[in-house]
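Asker: The structure under discussion is supplied below as structure tokens; questions concerning it will follow.
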Amino acid sequence: MLTKKQTIDAIDQIQEMFPEAECELIHSNPFELLIAVVLSAQCTDALVNKVTPKLFEKYQSPSDYLNASQEELEQDIRSIGLFRSKAKNIQKLAASIINDFDGQVPKTRDELIGLAGVGRKTANVVTSVAFGEPAIAVDTHVERVSKRLAICRWKDSVLEVEKTLMKKIPIERWSDTHHQLIFFGRYHCKAQSPKCNDCPLLEMCREGKKRLKGKS
DNA sequence: AACTCGGGGCA
DNA sequence: TGCCCAGAGTT
């Protein structure tokens, strides 16, 4: 596994590749962000952003989602996929916010995770982006990159990956690192065909060396 | 731990 | 065309 210093070196190099990486989801308040992140499960931010402008114009509060029929909400988010479960979860989530949190998006991770459709990743993004609470949301990209670079162990669970990242990266960099790892994973260190032959991190990457050896 | 949801993106 | 995907819930 990489040491703290090696990890930070790697993050520095990734930052040079994606200096302006940040959350791309369109939102103007915590509630909109929460909805956008819930919608983003298993699809890209760009896809969610095609739907949310109209969606947020039509539904501005939790009660607006509750007043719509489930079928109507499904139609409004149909183009992003998984729309049935997402519509159902959003209505349950809206009800919880009204009944249990006085209409406000809760600010702690534990409270957020209790909401329908909100898992550890969504909770981390919301606390981090909306409430400035440092967190590293481990999605499939962050997990894959962390394992390929040996920042963590191959067999680590998502929770262990998160703990390792938080231990090795200074807290003031958590938020930036999160987005940089995602961009790196999405556009360069891709799941299927990573660009190992054009990667500044190849020297310190076990997986990349293995991969190139196997090819040639 | 494995399975499911699902339309869009991309090779 | 066919395969994969910025997850979470259920069994």
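Ligands are numbered from 1 in the order shown, residues from 1 within each chain, and chains are lettered A, B, ... in the order they appear in the structure tokens.
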May I have the residues within 10 Å of Leu66 in chain A as a PDB file with all heavy atoms, in the first residue's frame, using only C-alpha atoms (C1' of nucleotides) and disregarding those fewer than 3 positions away in the same chain?
Answerer:
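Final output, saved to around.pdb:
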```
ATOM      1  N   TYR A  59     -40.997  21.215  -9.225  1.00  0.00           N
ATOM      2  CA  TYR A  59     -41.045  20.759  -7.827  1.00  0.00           C
ATOM      3  C   TYR A  59     -40.045  21.557  -7.006  1.00  0.00           C
ATOM      4  O   TYR A  59     -38.851  21.375  -7.124  1.00  0.00           O
ATOM      5  CB  TYR A  59     -40.680  19.283  -7.721  1.00  0.00           C
ATOM      6  CG  TYR A  59     -41.490  18.354  -8.594  1.00  0.00           C
ATOM      7  CD1 TYR A  59     -41.089  18.066  -9.895  1.00  0.00           C
ATOM      8  CD2 TYR A  59     -42.643  17.735  -8.101  1.00  0.00           C
ATOM      9  CE1 TYR A  59     -41.814  17.191 -10.692  1.00  0.00           C
ATOM     10  CE2 TYR A  59     -43.377  16.856  -8.892  1.00  0.00           C
ATOM     11  CZ  TYR A  59     -42.955  16.601 -10.188  1.00  0.00           C
ATOM     12  OH  TYR A  59     -43.670  15.731 -10.974  1.00  0.00           O
ATOM     13  N   SER A  61     -40.442  22.157  -3.458  1.00  0.00           N
ATOM     14  CA  SER A  61     -40.382  21.794  -2.042  1.00  0.00           C
ATOM     15  C   SER A  61     -40.733  20.314  -1.903  1.00  0.00           C
ATOM     16  O   SER A  61     -41.301  19.724  -2.820  1.00  0.00           O
ATOM     17  CB  SER A  61     -41.386  22.620  -1.244  1.00  0.00           C
ATOM     18  OG  SER A  61     -42.704  22.216  -1.584  1.00  0.00           O
ATOM     19  N   PRO A  62     -40.422  19.716  -0.762  1.00  0.00           N
ATOM     20  CA  PRO A  62     -40.785  18.310  -0.536  1.00  0.00           C
ATOM     21  C   PRO A  62     -42.267  18.063  -0.784  1.00  0.00           C
ATOM     22  O   PRO A  62     -42.638  17.037  -1.366  1.00  0.00           O
ATOM     23  CB  PRO A  62     -40.412  18.085   0.931  1.00  0.00           C
ATOM     24  CG  PRO A  62     -39.301  19.039   1.184  1.00  0.00           C
ATOM     25  CD  PRO A  62     -39.595  20.241   0.328  1.00  0.00           C
ATOM     26  N   SER A  63     -43.101  18.989  -0.380  1.00  0.00           N
ATOM     27  CA  SER A  63     -44.544  18.753  -0.533  1.00  0.00           C
ATOM     28  C   SER A  63     -44.952  18.735  -2.011  1.00  0.00           C
ATOM     29  O   SER A  63     -45.923  18.064  -2.379  1.00  0.00           O
ATOM     30  CB  SER A  63     -45.346  19.799   0.235  1.00  0.00           C
ATOM     31  OG  SER A  63     -44.987  21.092  -0.185  1.00  0.00           O
ATOM     32  N   SER A  69     -48.577  12.679  -8.479  1.00  0.00           N
ATOM     33  CA  SER A  69     -48.752  11.228  -8.465  1.00  0.00           C
ATOM     34  C   SER A  69     -47.421  10.583  -8.804  1.00  0.00           C
ATOM     35  O   SER A  69     -46.553  11.193  -9.431  1.00  0.00           O
ATOM     36  CB  SER A  69     -49.793  10.811  -9.502  1.00  0.00           C
ATOM     37  OG  SER A  69     -49.275  10.976 -10.806  1.00  0.00           O
ATOM     38  N   GLN A  70     -47.287   9.344  -8.380  1.00  0.00           N
ATOM     39  CA  GLN A  70     -46.035   8.643  -8.651  1.00  0.00           C
ATOM     40  C   GLN A  70     -45.803   8.521 -10.157  1.00  0.00           C
ATOM     41  O   GLN A  70     -44.683   8.667 -10.636  1.00  0.00           O
ATOM     42  CB  GLN A  70     -46.066   7.260  -8.002  1.00  0.00           C
ATOM     43  CG  GLN A  70     -44.735   6.534  -8.066  1.00  0.00           C
ATOM     44  CD  GLN A  70     -44.779   5.188  -7.372  1.00  0.00           C
ATOM     45  OE1 GLN A  70     -45.408   5.038  -6.329  1.00  0.00           O
ATOM     46  NE2 GLN A  70     -44.128   4.208  -7.957  1.00  0.00           N
ATOM     47  N   LEU A  73     -44.445  11.800 -11.577  1.00  0.00           N
ATOM     48  CA  LEU A  73     -43.032  11.993 -11.243  1.00  0.00           C
ATOM     49  C   LEU A  73     -42.156  11.055 -12.075  1.00  0.00           C
ATOM     50  O   LEU A  73     -41.089  11.436 -12.553  1.00  0.00           O
ATOM     51  CB  LEU A  73     -42.817  11.752  -9.747  1.00  0.00           C
ATOM     52  CG  LEU A  73     -41.405  11.979  -9.204  1.00  0.00           C
ATOM     53  CD1 LEU A  73     -40.879  13.345  -9.581  1.00  0.00           C
ATOM     54  CD2 LEU A  73     -41.379  11.790  -7.689  1.00  0.00           C
ATOM     55  N   ILE A  90     -37.974   9.106  -3.893  1.00  0.00           N
ATOM     56  CA  ILE A  90     -38.030  10.558  -3.700  1.00  0.00           C
ATOM     57  C   ILE A  90     -39.292  10.953  -2.956  1.00  0.00           C
ATOM     58  O   ILE A  90     -39.275  11.840  -2.100  1.00  0.00           O
ATOM     59  CB  ILE A  90     -37.944  11.278  -5.062  1.00  0.00           C
ATOM     60  CG1 ILE A  90     -36.502  11.222  -5.559  1.00  0.00           C
ATOM     61  CG2 ILE A  90     -38.404  12.725  -4.942  1.00  0.00           C
ATOM     62  CD1 ILE A  90     -36.315  11.786  -6.945  1.00  0.00           C
ATOM     63  N   GLN A  91     -40.399  10.273  -3.237  1.00  0.00           N
ATOM     64  CA  GLN A  91     -41.628  10.612  -2.517  1.00  0.00           C
ATOM     65  C   GLN A  91     -41.546  10.182  -1.051  1.00  0.00           C
ATOM     66  O   GLN A  91     -42.011  10.894  -0.166  1.00  0.00           O
ATOM     67  CB  GLN A  91     -42.831   9.996  -3.221  1.00  0.00           C
ATOM     68  CG  GLN A  91     -43.073  10.660  -4.581  1.00  0.00           C
ATOM     69  CD  GLN A  91     -44.407  10.320  -5.195  1.00  0.00           C
ATOM     70  OE1 GLN A  91     -44.788   9.145  -5.226  1.00  0.00           O
ATOM     71  NE2 GLN A  91     -45.101  11.331  -5.691  1.00  0.00           N
ATOM     72  N   LYS A  92     -40.936   9.025  -0.808  1.00  0.00           N
ATOM     73  CA  LYS A  92     -40.753   8.597   0.583  1.00  0.00           C
ATOM     74  C   LYS A  92     -39.820   9.553   1.315  1.00  0.00           C
ATOM     75  O   LYS A  92     -40.040   9.934   2.467  1.00  0.00           O
ATOM     76  CB  LYS A  92     -40.179   7.174   0.638  1.00  0.00           C
ATOM     77  CG  LYS A  92     -41.224   6.101   0.425  1.00  0.00           C
ATOM     78  CD  LYS A  92     -40.610   4.713   0.323  1.00  0.00           C
ATOM     79  CE  LYS A  92     -40.017   4.228   1.631  1.00  0.00           C
ATOM     80  NZ  LYS A  92     -39.457   2.837   1.458  1.00  0.00           N
ATOM     81  N   LEU A  93     -38.770   9.938   0.607  1.00  0.00           N
ATOM     82  CA  LEU A  93     -37.773  10.857   1.173  1.00  0.00           C
ATOM     83  C   LEU A  93     -38.412  12.211   1.490  1.00  0.00           C
ATOM     84  O   LEU A  93     -38.177  12.791   2.550  1.00  0.00           O
ATOM     85  CB  LEU A  93     -36.648  10.972   0.159  1.00  0.00           C
ATOM     86  CG  LEU A  93     -35.537  12.000   0.172  1.00  0.00           C
ATOM     87  CD1 LEU A  93     -34.418  11.473  -0.689  1.00  0.00           C
ATOM     88  CD2 LEU A  93     -36.010  13.328  -0.360  1.00  0.00           C
ATOM     89  N   ALA A  94     -39.241  12.687   0.591  1.00  0.00           N
ATOM     90  CA  ALA A  94     -39.912  13.972   0.815  1.00  0.00           C
ATOM     91  C   ALA A  94     -40.811  13.895   2.039  1.00  0.00           C
ATOM     92  O   ALA A  94     -40.850  14.822   2.859  1.00  0.00           O
ATOM     93  CB  ALA A  94     -40.718  14.357  -0.426  1.00  0.00           C
ATOM     94  N   ALA A  95     -41.500  12.773   2.196  1.00  0.00           N
ATOM     95  CA  ALA A  95     -42.380  12.604   3.357  1.00  0.00           C
ATOM     96  C   ALA A  95     -41.568  12.614   4.646  1.00  0.00           C
ATOM     97  O   ALA A  95     -41.962  13.240   5.638  1.00  0.00           O
ATOM     98  CB  ALA A  95     -43.173  11.303   3.222  1.00  0.00           C
ATOM     99  N   ILE A  98     -40.471  16.095   5.630  1.00  0.00           N
ATOM    100  CA  ILE A  98     -41.566  16.875   6.198  1.00  0.00           C
ATOM    101  C   ILE A  98     -41.907  16.410   7.612  1.00  0.00           C
ATOM    102  O   ILE A  98     -42.002  17.200   8.546  1.00  0.00           O
ATOM    103  CB  ILE A  98     -42.811  16.772   5.299  1.00  0.00           C
ATOM    104  CG1 ILE A  98     -42.548  17.499   3.978  1.00  0.00           C
ATOM    105  CG2 ILE A  98     -44.023  17.374   6.007  1.00  0.00           C
ATOM    106  CD1 ILE A  98     -43.630  17.284   2.953  1.00  0.00           C
TER     107      ILE A  98
END
```
Asker: What are the residues of chain C that have an atom within 10 Å of an atom of chain A, counting only C-alpha atoms (C1' of nucleotides), as a count of residues only?
Answerer: 6
Asker: Chain A residues within 7 Å of chain B, counting only C-alpha atoms (C1' of nucleotides): which ones, as JSON, numbers by chain?
Answerer: {"A": [79, 80, 81, 82]}
Asker: Just the number, please: distance in Å from CA of Ile11 in chain A to CA of Pro200 in chain A, one decimal.
Answerer: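 Distance between the two atoms: 11.4 Å.
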Asker: Per DSSP on the backbone, what are the helix (DSSP H, G or I) residues of range 148-203 of chain A, as JSON, numbers by chain?
Answerer: {"A": [148, 158, 159, 160, 161, 162, 163, 164, 165, 166, 167, 168, 171, 172, 173, 174, 175, 176, 177, 178, 179, 180, 181, 182, 183, 184, 185, 186, 187, 196, 197, 198, 202, 203]}
